[in-house]
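**Q** work_33.txt is reproduced in full below (compact mmCIF, C-alpha atoms).
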# COMPACT_ATOMS: atom_id res chain seq x y z
CA MET I 1 -94.53 16.16 -98.74
CA ALA I 2 -92.65 14.48 -95.96
CA THR I 3 -89.95 11.87 -96.18
CA THR I 4 -90.32 8.14 -96.85
CA ARG I 5 -91.02 5.95 -93.80
CA LYS I 6 -88.06 3.94 -92.61
CA THR I 7 -90.12 0.98 -91.40
CA ARG I 8 -93.25 -0.81 -92.54
CA PRO I 9 -96.32 0.07 -90.40
CA ILE I 10 -97.38 -2.55 -87.84
CA PRO I 11 -101.09 -3.44 -88.30
CA LEU I 12 -101.68 -4.33 -84.63
CA LEU I 13 -100.16 -1.05 -83.48
CA ALA I 14 -102.22 0.82 -86.06
CA LEU I 15 -105.35 -0.98 -84.78
CA PHE I 16 -104.63 -0.10 -81.15
CA ILE I 17 -103.76 3.55 -81.59
CA ALA I 18 -106.52 4.11 -84.14
CA TRP I 19 -109.02 2.75 -81.59
CA LEU I 20 -107.52 4.55 -78.58
CA VAL I 21 -107.34 8.02 -80.13
CA PRO I 22 -109.60 8.60 -83.14
CA GLY I 23 -107.47 9.64 -86.12
CA ALA I 24 -104.18 8.57 -84.53
CA GLY I 25 -104.01 5.55 -86.85
CA HIS I 26 -103.98 7.87 -89.85
CA VAL I 27 -101.36 10.11 -88.24
CA TYR I 28 -99.26 6.96 -87.67
CA LEU I 29 -99.57 6.17 -91.38
CA GLY I 30 -98.37 9.66 -92.34
CA ARG I 31 -101.84 11.04 -93.09
CA THR I 32 -101.63 13.77 -90.47
CA LEU I 33 -104.27 16.16 -91.78
CA ARG I 34 -106.78 13.34 -92.27
CA GLY I 35 -106.05 12.18 -88.73
CA LEU I 36 -106.69 15.64 -87.33
CA VAL I 37 -109.97 15.99 -89.23
CA ILE I 38 -111.09 12.56 -87.98
CA PHE I 39 -110.08 13.37 -84.40
CA VAL I 40 -111.91 16.70 -84.30
CA THR I 41 -115.06 15.35 -85.98
CA ILE I 42 -115.40 12.16 -83.94
CA SER I 43 -114.57 13.91 -80.66
CA ALA I 44 -117.05 16.71 -81.35
CA THR I 45 -119.79 14.22 -82.26
CA PHE I 46 -119.21 12.06 -79.20
CA TRP I 47 -119.04 14.94 -76.71
CA ALA I 48 -122.03 16.64 -78.33
CA GLY I 49 -123.97 13.46 -77.55
CA LEU I 50 -122.75 13.55 -73.97
CA ALA I 51 -123.58 17.25 -73.64
CA VAL I 52 -127.14 16.49 -74.75
CA GLY I 53 -127.61 13.32 -72.70
CA GLY I 54 -125.48 13.88 -69.64
CA VAL I 55 -123.71 11.27 -67.60
CA MET I 56 -126.19 8.45 -68.29
CA THR I 57 -125.62 8.52 -72.06
CA VAL I 58 -123.01 5.80 -71.58
CA ASP I 59 -125.00 3.14 -69.73
CA SER I 60 -123.26 -0.21 -69.62
CA GLN I 61 -126.10 -1.91 -67.71
CA ASN I 62 -129.26 -1.01 -69.59
CA GLU I 63 -128.10 0.07 -73.06
CA ARG I 64 -125.53 -2.54 -73.89
CA TRP I 65 -125.52 -2.29 -77.70
CA TRP I 66 -125.20 1.48 -77.59
CA PHE I 67 -122.47 0.98 -74.99
CA VAL I 68 -120.55 -1.31 -77.35
CA ALA I 69 -120.79 1.29 -80.13
CA GLU I 70 -119.68 4.05 -77.75
CA MET I 71 -116.63 2.09 -76.66
CA PHE I 72 -115.31 2.19 -80.23
CA THR I 73 -114.44 5.86 -79.60
CA GLY I 74 -111.49 4.71 -77.49
CA ILE I 75 -110.29 7.20 -74.89
CA HIS I 76 -113.46 9.28 -75.16
CA GLY I 77 -115.68 6.29 -74.45
CA LEU I 78 -113.44 5.15 -71.60
CA VAL I 79 -113.54 8.59 -69.94
CA ALA I 80 -117.33 8.79 -70.30
CA TRP I 81 -117.72 5.22 -68.98
CA HIS I 82 -115.53 6.07 -65.99
CA GLN I 83 -117.68 9.16 -65.27
CA SER I 84 -120.89 7.16 -65.60
CA LYS I 85 -119.63 4.25 -63.48
CA SER I 86 -118.30 6.54 -60.75
CA PHE I 87 -121.65 8.33 -60.63
CA THR I 88 -123.78 5.17 -60.51
CA ASP I 89 -121.48 3.45 -57.99
CA ARG I 90 -121.68 6.48 -55.71
CA LEU I 91 -125.44 6.62 -56.13
CA ALA I 92 -125.80 2.91 -55.34
CA ALA I 93 -123.56 3.30 -52.29
CA ASP I 94 -125.55 6.29 -51.01
CA LYS I 95 -129.04 4.97 -51.63
CA GLY I 96 -128.56 1.23 -51.12
CA PRO I 97 -129.57 -1.66 -53.38
CA VAL I 98 -132.47 -1.20 -55.80
CA GLU I 99 -135.02 -3.90 -56.61
CA ASN I 100 -135.75 -3.26 -60.29
CA LEU I 101 -135.24 -0.98 -63.28
CA ASP I 102 -138.22 1.23 -62.43
CA GLU I 103 -136.83 1.93 -58.99
CA TRP I 104 -133.40 2.67 -60.47
CA ASN I 105 -134.94 5.05 -63.03
CA ALA I 106 -136.84 6.82 -60.24
CA LEU I 107 -133.55 7.22 -58.38
CA LEU I 108 -131.87 8.68 -61.49
CA ASN I 109 -134.85 11.00 -61.96
CA ALA I 110 -134.52 12.24 -58.39
CA GLU I 111 -130.86 13.01 -59.08
CA GLY I 112 -131.77 14.89 -62.27
CA VAL I 113 -129.79 12.59 -64.58
CA TYR I 114 -132.56 10.35 -65.96
CA LEU I 115 -132.55 10.42 -69.78
CA PRO I 116 -136.09 11.01 -71.03
CA TYR I 117 -137.42 10.43 -74.55
CA PRO I 118 -136.45 11.87 -77.09
CA THR I 119 -133.21 13.15 -75.52
CA ASP I 120 -132.00 9.56 -75.00
CA ASN I 121 -132.30 8.79 -78.73
CA VAL I 122 -130.41 11.91 -79.78
CA ALA I 123 -127.65 11.56 -77.19
CA ARG I 124 -127.02 7.86 -77.80
CA ALA I 125 -127.24 8.25 -81.57
CA TYR I 126 -124.53 10.93 -81.51
CA ALA I 127 -122.24 9.02 -79.13
CA GLY I 128 -122.88 5.66 -80.83
CA VAL I 129 -122.43 6.96 -84.36
CA ALA I 130 -119.14 8.57 -83.27
CA GLY I 131 -117.99 5.12 -82.16
CA LEU I 132 -119.07 3.49 -85.42
CA LEU I 133 -117.29 6.20 -87.41
CA ASN I 134 -114.13 5.47 -85.48
CA LEU I 135 -114.60 1.77 -86.27
CA LEU I 136 -114.55 2.73 -89.97
CA CYS I 137 -111.32 4.68 -89.40
CA VAL I 138 -109.78 1.77 -87.49
CA PHE I 139 -110.57 -0.58 -90.40
CA ASP I 140 -109.08 1.90 -92.86
CA ALA I 141 -105.89 2.33 -90.81
CA VAL I 142 -105.47 -1.44 -90.37
CA ILE I 143 -106.07 -2.23 -94.05
CA LEU I 144 -103.63 0.50 -95.13
CA SER I 145 -100.99 -0.76 -92.71
CA ILE I 146 -101.47 -4.38 -93.88
CA MET I 147 -101.00 -3.13 -97.45
CA GLY I 148 -97.94 -1.19 -96.30
CA VAL I 149 -99.37 2.07 -97.62
CA THR I 150 -98.22 5.25 -95.91
CA GLY I 151 -98.61 8.92 -96.74
CA GLU I 152 -101.19 10.59 -98.93
CA PRO I 153 -102.39 8.82 -102.11
CA GLY I 154 -100.31 9.81 -105.11
CA GLY I 155 -97.55 11.20 -102.91
CA ALA I 156 -93.91 10.11 -102.86
CA ARG I 157 -94.39 8.27 -99.58
CA ARG I 158 -95.99 5.03 -100.81
CA LYS I 159 -92.77 3.29 -101.68
CA GLN I 160 -91.65 0.77 -99.06
CA PRO I 161 -88.05 -0.08 -98.12
CA ALA I 162 -88.44 -3.56 -99.68
CA GLU I 163 -89.49 -1.97 -102.99
CA GLU I 164 -86.64 0.52 -102.86
CA GLY I 165 -84.08 -2.28 -102.65
CA ALA I 166 -85.72 -4.31 -105.44
CA PRO I 167 -83.91 -4.40 -108.81
CA MET K 8 -133.29 23.08 -57.36
CA ILE K 9 -129.90 21.66 -58.41
CA ALA K 10 -128.10 23.73 -61.07
CA TRP K 11 -127.82 22.17 -64.50
CA GLN K 12 -124.32 20.91 -65.30
CA MET K 13 -123.09 20.05 -68.77
CA PHE K 14 -122.07 16.38 -69.23
CA LEU K 15 -123.96 15.49 -66.04
CA ASN K 16 -127.61 16.47 -66.52
CA PRO K 17 -129.47 15.85 -69.79
CA MET K 18 -130.80 18.73 -71.86
CA THR K 19 -134.52 19.14 -72.39
CA LEU K 20 -135.06 18.97 -76.12
CA PRO K 21 -138.30 20.15 -77.72
CA SER K 22 -139.79 17.35 -79.85
CA GLY K 23 -139.76 19.54 -82.96
CA LEU K 24 -136.01 20.08 -82.73
CA VAL K 25 -135.07 16.40 -82.68
CA LEU K 26 -135.61 15.93 -86.41
CA TYR K 27 -133.24 18.78 -87.26
CA LEU K 28 -130.48 17.28 -85.13
CA VAL K 29 -130.03 14.64 -87.83
CA ILE K 30 -128.34 17.32 -89.99
CA PRO K 31 -125.19 17.80 -87.84
CA LEU K 32 -125.01 14.01 -87.50
CA CYS K 33 -125.11 13.63 -91.29
CA VAL K 34 -122.40 16.30 -91.61
CA SER K 35 -120.25 14.39 -89.13
CA VAL K 36 -120.72 11.10 -91.00
CA ALA K 37 -119.96 12.80 -94.33
CA VAL K 38 -116.79 14.47 -93.01
CA VAL K 39 -115.34 11.24 -91.59
CA TYR K 40 -116.41 9.08 -94.54
CA LYS K 41 -115.02 11.49 -97.13
CA THR K 42 -111.83 12.03 -95.12
CA VAL K 43 -111.22 8.30 -95.22
CA ARG K 44 -112.27 7.80 -98.84
CA ALA K 45 -111.21 10.96 -100.70
CA GLN K 46 -108.16 10.60 -102.94
CA SER K 47 -107.24 14.26 -102.53
CA LEU K 48 -107.83 16.38 -99.45
CA ARG K 49 -108.26 19.42 -101.67
CA ARG K 50 -111.51 17.98 -103.00
CA LEU K 51 -112.76 17.11 -99.51
CA TRP K 52 -114.67 20.35 -98.93
CA ILE K 53 -116.42 19.97 -102.28
CA GLU K 54 -117.38 16.34 -101.72
CA ILE K 55 -118.71 16.77 -98.17
CA PRO K 56 -121.74 18.97 -99.04
CA PHE K 57 -122.69 16.54 -101.83
CA ALA K 58 -122.47 13.60 -99.43
CA VAL K 59 -124.63 15.44 -96.87
CA ALA K 60 -127.17 16.29 -99.57
CA TYR K 61 -127.26 12.63 -100.72
CA MET K 62 -127.80 11.41 -97.17
CA LEU K 63 -130.55 13.91 -96.40
CA ALA K 64 -132.26 13.21 -99.73
CA GLY K 65 -132.04 9.47 -99.06
CA LEU K 66 -133.48 9.86 -95.58
CA ALA K 67 -136.27 12.10 -96.87
CA ALA K 68 -137.10 9.59 -99.63
CA LEU K 69 -137.10 6.76 -97.08
CA ALA K 70 -139.40 8.78 -94.81
CA VAL K 71 -141.83 9.44 -97.67
CA ALA K 72 -141.79 5.77 -98.73
CA LEU K 73 -142.43 4.57 -95.17
CA PHE K 74 -145.19 7.16 -94.73
CA LEU K 75 -146.90 5.97 -97.94
CA ILE K 76 -146.60 2.32 -96.92
CA GLN K 77 -147.98 3.06 -93.48
CA GLU K 78 -150.77 5.23 -94.88
CA TYR K 79 -151.95 3.13 -97.82
CA CYS K 80 -150.65 -0.42 -97.47
CA LEU K 81 -151.11 -1.28 -93.79
Rewrite the structure of this file - the entire thing - as structure tokens.

**A**
Amino acid sequence: MATTRKTRPIPLLALFIAWLVPGAGHVYLGRTLRGLVIFVTISATFWAGLAVGGVMTVDSQNERWWFVAEMFTGIHGLVAWHQSKSFTDRLAADKGPVENLDEWNALLNAEGVYLPYPTDNVARAYAGVAGLLNLLCVFDAVILSIMGVTGEPGGARRKQPAEEGAP
Amino acid sequence: MIAWQMFLNPMTLPSGLVLYLVIPLCVSVAVVYKTVRAQSLRRLWIEIPFAVAYMLAGLAALAVALFLIQEYCL
């Protein structure tokens, strides 16, 4: 077991780092092993989705609800969004404006990146579920930091400085 | 033909395989959920298979129920 934390965890900081890097919120709260397990699992799930679906898995224009879920993965979602946006911007610049969704899909198909059924369902389910799992971890990290709980349950690290000074 | 690149081009999945891809997803959900909820990390690796089994059994039961509704009630 590690030592007692000197300061009380800051919920907003826990929220931000737990969102940005999956599992980092738990590491911040002294639950390092849990944080590592969360990081590996969520990262593997998200990138497995992207490996299956390719660059158009994260599609901010046509799959907005999936996109919202994917953005909960923090840095992973941001990197994938950047890849997707760079690709579509370059494609739009090369080929000119498109009239409708069918024309856009035909363009993606010609580039070999169009997501057909059922690959789209699998890819977006993996990436989206990874985001929703990270949302669960963010909630957990924030609630624990609001409660002032750090370290593993039952360990010696739950006592806060305020409690230590109490008579 | 352009060479296939991971993270750029989508994979071609056979329709029959799609159903089985729910298993790794269930494992992933179980690992994260149990990591967050488990009181002791030592029990984590015991609780995860049970959680996966519960999820798969629940999904199978749901599939059977929906099949029966679709077959006999609609």

**Q** Would you give me, as a list in words, the residues of chain I that come within 6 Å of chain K, using all atoms listed in the file?

**A** Arg34, Ile38, Leu50, Ala51, Val52, Gly53, Gly54, Val55 and Val113 of chain I

**Q** Pick out the residues sitting within 10 Å of segment 69-76 of chain I, and hand them over as a PyMOL selection string; count all atoms listed in the file, and ignore anything fewer than 5 positions along from it in its own chain.

**A** chain I and resi 16-22+39+42-43+46-47+57-60+64+81-82+124-136+138

**Q** Find the spatial neighbours of Leu91 of chain I, counting all atoms listed in the file, within a cut-off of 9 Å - ignore same-chain residues fewer than 3 positions away - and output them as a list in words.

**A** Ser86, Phe87, Thr88, Asp94, Lys95, Gly96, Leu107, Leu108 and Glu111 of chain I

**Q** Have a look at I:Ser84, I:Asn100, I:Val142, I:Val122 and name the one nearest to Ile30 of chain K; count all atoms listed in the file.

**A** I:Val122

**Q** Could you rebuild segment 137-158 of chain I with N, CA, C and O atoms and give me the result as an mmCIF file, keeping the file's coordinate frame?

**A**
data_model
loop_
_atom_site.group_PDB
_atom_site.id
_atom_site.type_symbol
_atom_site.label_atom_id
_atom_site.label_comp_id
_atom_site.auth_asym_id
_atom_site.auth_seq_id
_atom_site.Cartn_x
_atom_site.Cartn_y
_atom_site.Cartn_z
ATOM 1 N N CYS I 137 -112.699 4.160 -89.312
ATOM 2 C CA CYS I 137 -111.320 4.680 -89.400
ATOM 3 C C CYS I 137 -110.302 3.637 -88.955
ATOM 4 O O CYS I 137 -109.209 3.555 -89.523
ATOM 5 N N VAL I 138 -110.680 2.836 -87.948
ATOM 6 C CA VAL I 138 -109.780 1.770 -87.490
ATOM 7 C C VAL I 138 -109.578 0.760 -88.625
ATOM 8 O O VAL I 138 -108.450 0.367 -88.920
ATOM 9 N N PHE I 139 -110.670 0.351 -89.270
ATOM 10 C CA PHE I 139 -110.570 -0.580 -90.400
ATOM 11 C C PHE I 139 -109.659 -0.016 -91.480
ATOM 12 O O PHE I 139 -108.798 -0.707 -92.014
ATOM 13 N N ASP I 140 -109.866 1.263 -91.799
ATOM 14 C CA ASP I 140 -109.080 1.900 -92.860
ATOM 15 C C ASP I 140 -107.593 1.897 -92.490
ATOM 16 O O ASP I 140 -106.748 1.542 -93.322
ATOM 17 N N ALA I 141 -107.296 2.269 -91.245
ATOM 18 C CA ALA I 141 -105.890 2.330 -90.810
ATOM 19 C C ALA I 141 -105.260 0.934 -90.836
ATOM 20 O O ALA I 141 -104.104 0.769 -91.270
ATOM 21 N N VAL I 142 -106.013 -0.075 -90.401
ATOM 22 C CA VAL I 142 -105.470 -1.440 -90.370
ATOM 23 C C VAL I 142 -105.235 -1.961 -91.791
ATOM 24 O O VAL I 142 -104.177 -2.529 -92.093
ATOM 25 N N ILE I 143 -106.211 -1.751 -92.663
ATOM 26 C CA ILE I 143 -106.070 -2.230 -94.050
ATOM 27 C C ILE I 143 -104.886 -1.547 -94.726
ATOM 28 O O ILE I 143 -104.066 -2.200 -95.392
ATOM 29 N N LEU I 144 -104.758 -0.229 -94.521
ATOM 30 C CA LEU I 144 -103.630 0.500 -95.130
ATOM 31 C C LEU I 144 -102.299 -0.010 -94.588
ATOM 32 O O LEU I 144 -101.329 -0.162 -95.335
ATOM 33 N N SER I 145 -102.262 -0.286 -93.273
ATOM 34 C CA SER I 145 -100.990 -0.760 -92.710
ATOM 35 C C SER I 145 -100.670 -2.186 -93.158
ATOM 36 O O SER I 145 -99.510 -2.520 -93.354
ATOM 37 N N ILE I 146 -101.711 -3.018 -93.349
ATOM 38 C CA ILE I 146 -101.470 -4.380 -93.880
ATOM 39 C C ILE I 146 -100.921 -4.272 -95.306
ATOM 40 O O ILE I 146 -100.009 -5.015 -95.689
ATOM 41 N N MET I 147 -101.469 -3.330 -96.068
ATOM 42 C CA MET I 147 -101.000 -3.130 -97.450
ATOM 43 C C MET I 147 -99.648 -2.425 -97.496
ATOM 44 O O MET I 147 -99.040 -2.319 -98.562
ATOM 45 N N GLY I 148 -99.221 -1.891 -96.362
ATOM 46 C CA GLY I 148 -97.940 -1.190 -96.300
ATOM 47 C C GLY I 148 -97.995 0.193 -96.912
ATOM 48 O O GLY I 148 -96.965 0.750 -97.277
ATOM 49 N N VAL I 149 -99.210 0.745 -97.013
ATOM 50 C CA VAL I 149 -99.370 2.070 -97.620
ATOM 51 C C VAL I 149 -99.213 3.145 -96.553
ATOM 52 O O VAL I 149 -99.859 3.090 -95.514
ATOM 53 N N THR I 150 -98.352 4.101 -96.812
ATOM 54 C CA THR I 150 -98.220 5.250 -95.910
ATOM 55 C C THR I 150 -98.249 6.533 -96.730
ATOM 56 O O THR I 150 -97.973 6.515 -97.927
ATOM 57 N N GLY I 151 -98.577 7.620 -96.062
ATOM 58 C CA GLY I 151 -98.610 8.920 -96.740
ATOM 59 C C GLY I 151 -99.876 9.096 -97.558
ATOM 60 O O GLY I 151 -100.711 8.201 -97.641
ATOM 61 N N GLU I 152 -99.999 10.270 -98.137
ATOM 62 C CA GLU I 152 -101.190 10.590 -98.930
ATOM 63 C C GLU I 152 -101.171 9.842 -100.274
ATOM 64 O O GLU I 152 -100.096 9.581 -100.816
ATOM 65 N N PRO I 153 -102.350 9.492 -100.810
ATOM 66 C CA PRO I 153 -102.390 8.820 -102.110
ATOM 67 C C PRO I 153 -101.761 9.696 -103.194
ATOM 68 O O PRO I 153 -101.983 10.901 -103.225
ATOM 69 N N GLY I 154 -100.944 9.068 -104.023
ATOM 70 C CA GLY I 154 -100.310 9.810 -105.110
ATOM 71 C C GLY I 154 -99.053 10.543 -104.705
ATOM 72 O O GLY I 154 -98.345 11.086 -105.545
ATOM 73 N N GLY I 155 -98.746 10.534 -103.382
ATOM 74 C CA GLY I 155 -97.550 11.200 -102.910
ATOM 75 C C GLY I 155 -96.318 10.336 -103.106
ATOM 76 O O GLY I 155 -96.402 9.213 -103.603
ATOM 77 N N ALA I 156 -95.174 10.857 -102.684
ATOM 78 C CA ALA I 156 -93.910 10.110 -102.860
ATOM 79 C C ALA I 156 -93.655 9.147 -101.720
ATOM 80 O O ALA I 156 -92.603 8.566 -101.636
ATOM 81 N N ARG I 157 -94.675 9.006 -100.807
ATOM 82 C CA ARG I 157 -94.390 8.270 -99.580
ATOM 83 C C ARG I 157 -94.918 6.841 -99.616
ATOM 84 O O ARG I 157 -94.966 6.171 -98.623
ATOM 85 N N ARG I 158 -95.383 6.353 -100.762
ATOM 86 C CA ARG I 158 -95.990 5.030 -100.810
ATOM 87 C C ARG I 158 -94.950 3.935 -100.981
ATOM 88 O O ARG I 158 -95.223 2.780 -100.730
#
